[in-house]
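Have a look at data_34.cif below; it lists mmCIF, C-alpha atoms and all ligand atoms.
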```cif
data_entry
loop_
_atom_site.label_atom_id
_atom_site.label_comp_id
_atom_site.auth_asym_id
_atom_site.auth_seq_id
_atom_site.Cartn_x
_atom_site.Cartn_y
_atom_site.Cartn_z
CA MET A 1 33.22 47.03 38.91
CA LYS A 2 32.22 44.45 36.33
CA ILE A 3 29.94 41.63 37.47
CA LEU A 4 28.90 38.52 35.53
CA VAL A 5 25.30 37.72 36.48
CA SER A 6 22.86 34.88 35.82
CA ASN A 7 20.45 36.16 33.20
CA CYS A 8 17.41 34.83 35.11
CA LEU A 9 18.32 37.12 38.04
CA LEU A 10 18.19 40.06 35.63
CA GLY A 11 14.65 39.16 34.60
CA CYS A 12 15.29 37.14 31.43
CA ASN A 13 12.84 34.29 30.94
CA CYS A 14 15.60 31.70 30.56
CA ARG A 15 14.74 29.31 33.42
CA TYR A 16 13.77 25.74 32.59
CA LYS A 17 10.11 26.65 33.10
CA GLY A 18 10.41 29.65 30.79
CA ASP A 19 10.16 32.14 33.62
CA ASN A 20 12.73 34.22 35.51
CA CYS A 21 13.77 34.97 39.06
CA LYS A 22 14.31 38.70 38.79
CA ASN A 23 16.12 39.94 41.88
CA GLU A 24 15.81 43.58 42.86
CA LYS A 25 19.01 43.51 44.94
CA VAL A 26 20.94 42.33 41.89
CA LEU A 27 19.28 44.88 39.61
CA ALA A 28 20.12 47.68 42.07
CA LEU A 29 23.80 46.90 41.55
CA ALA A 30 23.48 48.20 37.99
CA LYS A 31 23.52 51.74 39.39
CA ASP A 32 27.22 51.60 40.27
CA ASN A 33 28.46 48.55 38.37
CA GLU A 34 28.47 47.06 34.91
CA LEU A 35 26.34 43.91 34.90
CA ILE A 36 27.03 41.34 32.17
CA GLY A 37 24.33 38.70 31.85
CA VAL A 38 24.76 35.08 30.84
CA CYS A 39 22.64 31.94 30.92
CA PRO A 40 25.03 28.98 30.69
CA GLU A 41 22.26 26.49 29.90
CA GLU A 42 20.99 28.49 26.93
CA GLU A 43 24.58 29.16 25.82
CA GLY A 44 25.13 25.41 25.89
CA GLY A 45 22.36 24.98 23.36
CA LEU A 46 19.52 23.83 25.58
CA PRO A 47 16.02 25.05 24.71
CA THR A 48 13.76 27.17 26.90
CA PRO A 49 11.56 25.83 28.36
CA ARG A 50 13.44 22.58 29.02
CA ASP A 51 13.33 19.53 31.21
CA PRO A 52 14.94 20.36 34.59
CA SER A 53 18.29 18.74 35.32
CA GLU A 54 20.37 17.79 38.33
CA ILE A 55 23.95 16.64 38.89
CA VAL A 56 24.78 13.02 39.76
CA ASN A 57 28.44 12.14 40.34
CA GLY A 58 29.68 15.03 38.23
CA ARG A 59 27.36 14.39 35.28
CA VAL A 60 24.13 16.20 34.52
CA PHE A 61 20.90 14.37 33.77
CA SER A 62 17.49 15.74 32.89
CA ARG A 63 14.45 14.57 34.82
CA LEU A 64 13.64 12.33 31.83
CA GLY A 65 17.06 10.69 32.13
CA LYS A 66 18.86 12.38 29.24
CA ASP A 67 22.58 13.00 29.77
CA VAL A 68 23.02 16.73 29.13
CA THR A 69 26.54 17.04 30.53
CA ALA A 70 28.00 18.15 27.18
CA GLU A 71 25.56 21.07 26.95
CA TYR A 72 26.29 22.12 30.52
CA VAL A 73 30.05 21.97 29.96
CA LYS A 74 29.75 23.95 26.71
CA GLY A 75 27.70 26.63 28.50
CA ALA A 76 30.18 26.74 31.36
CA LYS A 77 33.06 27.30 28.95
CA ILE A 78 31.20 30.16 27.28
CA ALA A 79 30.48 31.74 30.68
CA LEU A 80 34.18 31.45 31.53
CA LYS A 81 35.17 33.08 28.24
CA MET A 82 32.76 35.95 28.94
CA ALA A 83 34.19 36.38 32.45
CA GLN A 84 37.73 36.41 31.09
CA ALA A 85 37.03 38.66 28.10
CA ASN A 86 35.27 41.21 30.29
CA LYS A 87 37.76 40.83 33.17
CA VAL A 88 34.89 40.67 35.66
CA ASN A 89 35.63 41.29 39.32
CA LEU A 90 32.76 39.20 40.65
CA VAL A 91 30.19 36.62 39.56
CA ILE A 92 26.67 36.61 41.03
CA PHE A 93 24.89 33.42 40.02
CA LYS A 94 21.52 31.89 40.82
CA ALA A 95 21.56 29.75 43.95
CA LYS A 96 21.08 25.96 43.73
CA SER A 97 21.04 25.74 39.91
CA PRO A 98 22.93 22.79 38.35
CA SER A 99 24.79 25.39 36.26
CA CYS A 100 24.92 28.43 38.49
CA GLY A 101 24.56 27.14 42.06
CA CYS A 102 27.38 27.88 44.50
CA GLY A 103 27.92 25.88 47.68
CA THR A 104 24.53 24.14 47.59
CA ILE A 105 22.83 22.18 44.79
CA TYR A 106 20.05 19.62 44.50
CA ASP A 107 21.12 16.06 45.15
CA GLY A 108 20.19 14.50 41.79
CA THR A 109 17.02 12.76 42.96
CA PHE A 110 14.58 15.52 41.88
CA THR A 111 13.06 15.40 45.36
CA GLY A 112 14.12 18.85 46.51
CA ASN A 113 16.91 17.50 48.76
CA LYS A 114 20.03 19.64 48.75
CA ILE A 115 23.69 18.78 49.17
CA GLN A 116 26.99 20.65 49.21
CA GLY A 117 28.30 21.33 45.73
CA ASN A 118 28.57 23.75 42.87
CA GLY A 119 26.89 24.03 39.49
CA ILE A 120 28.94 23.15 36.41
CA ALA A 121 29.55 26.78 35.34
CA THR A 122 30.28 27.92 38.88
CA ASP A 123 32.79 25.11 39.34
CA LEU A 124 34.68 26.13 36.19
CA LEU A 125 34.71 29.81 37.15
CA LEU A 126 35.96 29.04 40.67
CA LYS A 127 38.72 26.81 39.30
CA ASN A 128 39.82 29.70 37.09
CA GLY A 129 40.09 32.11 40.00
CA PHE A 130 36.83 34.02 39.82
CA LYS A 131 34.91 34.92 42.96
CA VAL A 132 31.38 33.50 42.78
CA ILE A 133 28.49 34.32 45.12
CA THR A 134 24.73 33.89 44.81
CA GLU A 135 21.83 36.29 45.21
CA ASP A 136 21.37 34.84 48.70
CA ASP A 137 24.72 36.35 49.71
CA LEU A 138 23.63 39.93 48.92
FE1 LIG A 201 19.44 31.09 35.42
FE2 LIG A 201 21.83 29.94 35.32
FE3 LIG A 201 19.65 28.46 35.07
FE4 LIG A 201 20.32 30.12 33.10
S1 LIG A 201 21.51 28.36 33.79
S2 LIG A 201 18.30 29.87 33.98
S3 LIG A 201 21.20 31.82 34.25
S4 LIG A 201 20.26 29.60 36.89
#
```
Rewrite the structure from the file as structure tokens, please.
Ligand code: SF4
Amino acid sequence: MKILVSNCLLGCNCRYKGDNCKNEKVLALAKDNELIGVCPEEEGGLPTPRDPSEIVNGRVFSRLGKDVTAEYVKGAKIALKMAQANKVNLVIFKAKSPSCGCGTIYDGTFTGNKIQGNGIATDLLLKNGFKVITEDDL
């Protein structure tokens, strides 16, 4: 099957700190599946490394207080287009990210507290009928 995957889980250094979160369970899926990588934040035009961001009332703000909602929405739309163009069967995104998180995200206070919610890209993919899980579900 075809799976859309967060690029950082595949080992790309696209996280805000300029590192990755390579996940061996995700990589092992490449044996029997076609993995298609995407980083919604980079696709939205944000630089790497970048100031970390969190969601507050549906908008995304960087730790320095910059409203980066437009970049997050642009990246989410590109991720959706990739999912649709490739007719992916599943999406495996990075847990807790303000773009890729699914079910749980940080609460917007940059204190490490978590709340129920989805990242901006995950939300758009779910609304368009795609199944989204995180590496924690594997
Ligand atoms: Fe990884 Fe998604 Fe963040 Fe990109 S936007 S670094 S793919 S969690």
Proximity to Lys2 (chain A) - best of A:Lys31, A:Lys25, A:Lys94, A:Lys114, only C-alpha atoms: A:Lys31
Each residue of chain A lying at most 7 Å from ligand LIG 201 (chain A) should get a row with its shortest atom-to-atom pair and the distance in Å to one decimal, counting all atoms listed in the file; could you produce that, ordered by chain and increasing number, as a tab-separated table?
```
residue	atom	partner	partner_atom	distance
A:Ser6	CA	A:LIG201	S3	3.8
A:Asn7	CA	A:LIG201	S3	4.5
A:Cys8	CA	A:LIG201	FE1	4.3
A:Leu9	CA	A:LIG201	FE1	6.7
A:Cys14	CA	A:LIG201	S2	4.7
A:Arg15	CA	A:LIG201	S2	3.6
A:Tyr16	CA	A:LIG201	S2	6.3
A:Val38	CA	A:LIG201	S3	5.9
A:Cys39	CA	A:LIG201	S3	3.6
A:Pro40	CA	A:LIG201	S1	4.7
A:Glu41	CA	A:LIG201	S1	4.4
A:Glu42	CA	A:LIG201	FE4	6.4
A:Phe93	CA	A:LIG201	FE2	6.6
A:Lys94	CA	A:LIG201	S4	4.7
A:Ser97	CA	A:LIG201	S4	5.0
A:Ser99	CA	A:LIG201	S1	5.1
A:Cys100	CA	A:LIG201	FE2	4.7
```
Interatomic distance, CA of Cys21 (chain A) to CA of Val56 (chain A) (Å, one decimal):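 A separation of 24.6 Å between them.
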8 Å contact set for Val60 (chain A), all atoms listed in the file, chain neighbours under 5 positions out, as a PDB file with C-alpha atoms, in the coordinates of the input:
```pdb
ATOM      1  CA  SER A  53      18.290  18.740  35.320  1.00  0.00           C
ATOM      2  CA  GLU A  54      20.370  17.790  38.330  1.00  0.00           C
ATOM      3  CA  ILE A  55      23.950  16.640  38.890  1.00  0.00           C
ATOM      4  CA  ASP A  67      22.580  13.000  29.770  1.00  0.00           C
ATOM      5  CA  VAL A  68      23.020  16.730  29.130  1.00  0.00           C
ATOM      6  CA  THR A  69      26.540  17.040  30.530  1.00  0.00           C
ATOM      7  CA  TYR A  72      26.290  22.120  30.520  1.00  0.00           C
ATOM      8  CA  PRO A  98      22.930  22.790  38.350  1.00  0.00           C
TER       9      PRO A  98
END
```
From A:Asn89, A:Ser62, A:Thr134, A:Thr122, residue lying nearest Phe110 (chain A) [all atoms listed in the file]: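 When distances to Phe110 (chain A) are compared using all atoms listed in the file, the smallest one comes from A:Ser62.
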Surrounding residues of Pro49 (chain A) excluding itself and chain neighbours under 2 positions, 6 Å, all atoms listed in the file, as a VMD selection string: chain A and resid 16 to 18 47
Top pick for closest residue to Asp19 (chain A), considering A:Ala83, A:Thr48, A:Glu43, A:Gly112 and counting all atoms listed in the file: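 The closest residue to Asp19 (chain A) is A:Thr48.
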Which residue of A:Asn128, A:Lys22, A:Gly11, A:Val5 approaches Lys77 (chain A) most closely, using only C-alpha atoms: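 Result for the nearest residue to Lys77 (chain A): A:Asn128.
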Residue among A:Leu80, A:Lys96, A:Gly108, A:Ala85 lying closest to Lys127 (chain A), counting all atoms listed in the file: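 Closest residue, counting all atoms listed in the file: A:Leu80.
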Spatial neighbours of Gly44 (chain A), max dist 8 Å, all atoms listed in the file, sep filter under 4 positions, as a ChimeraX atom specification: /A:40,70-76,78
Top pick for closest residue to Leu27 (chain A), considering A:Ile120, A:Leu46, A:Ile115, A:Ile3 and counting all atoms listed in the file: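 The answer is A:Ile3, which sits nearest to Leu27 (chain A).
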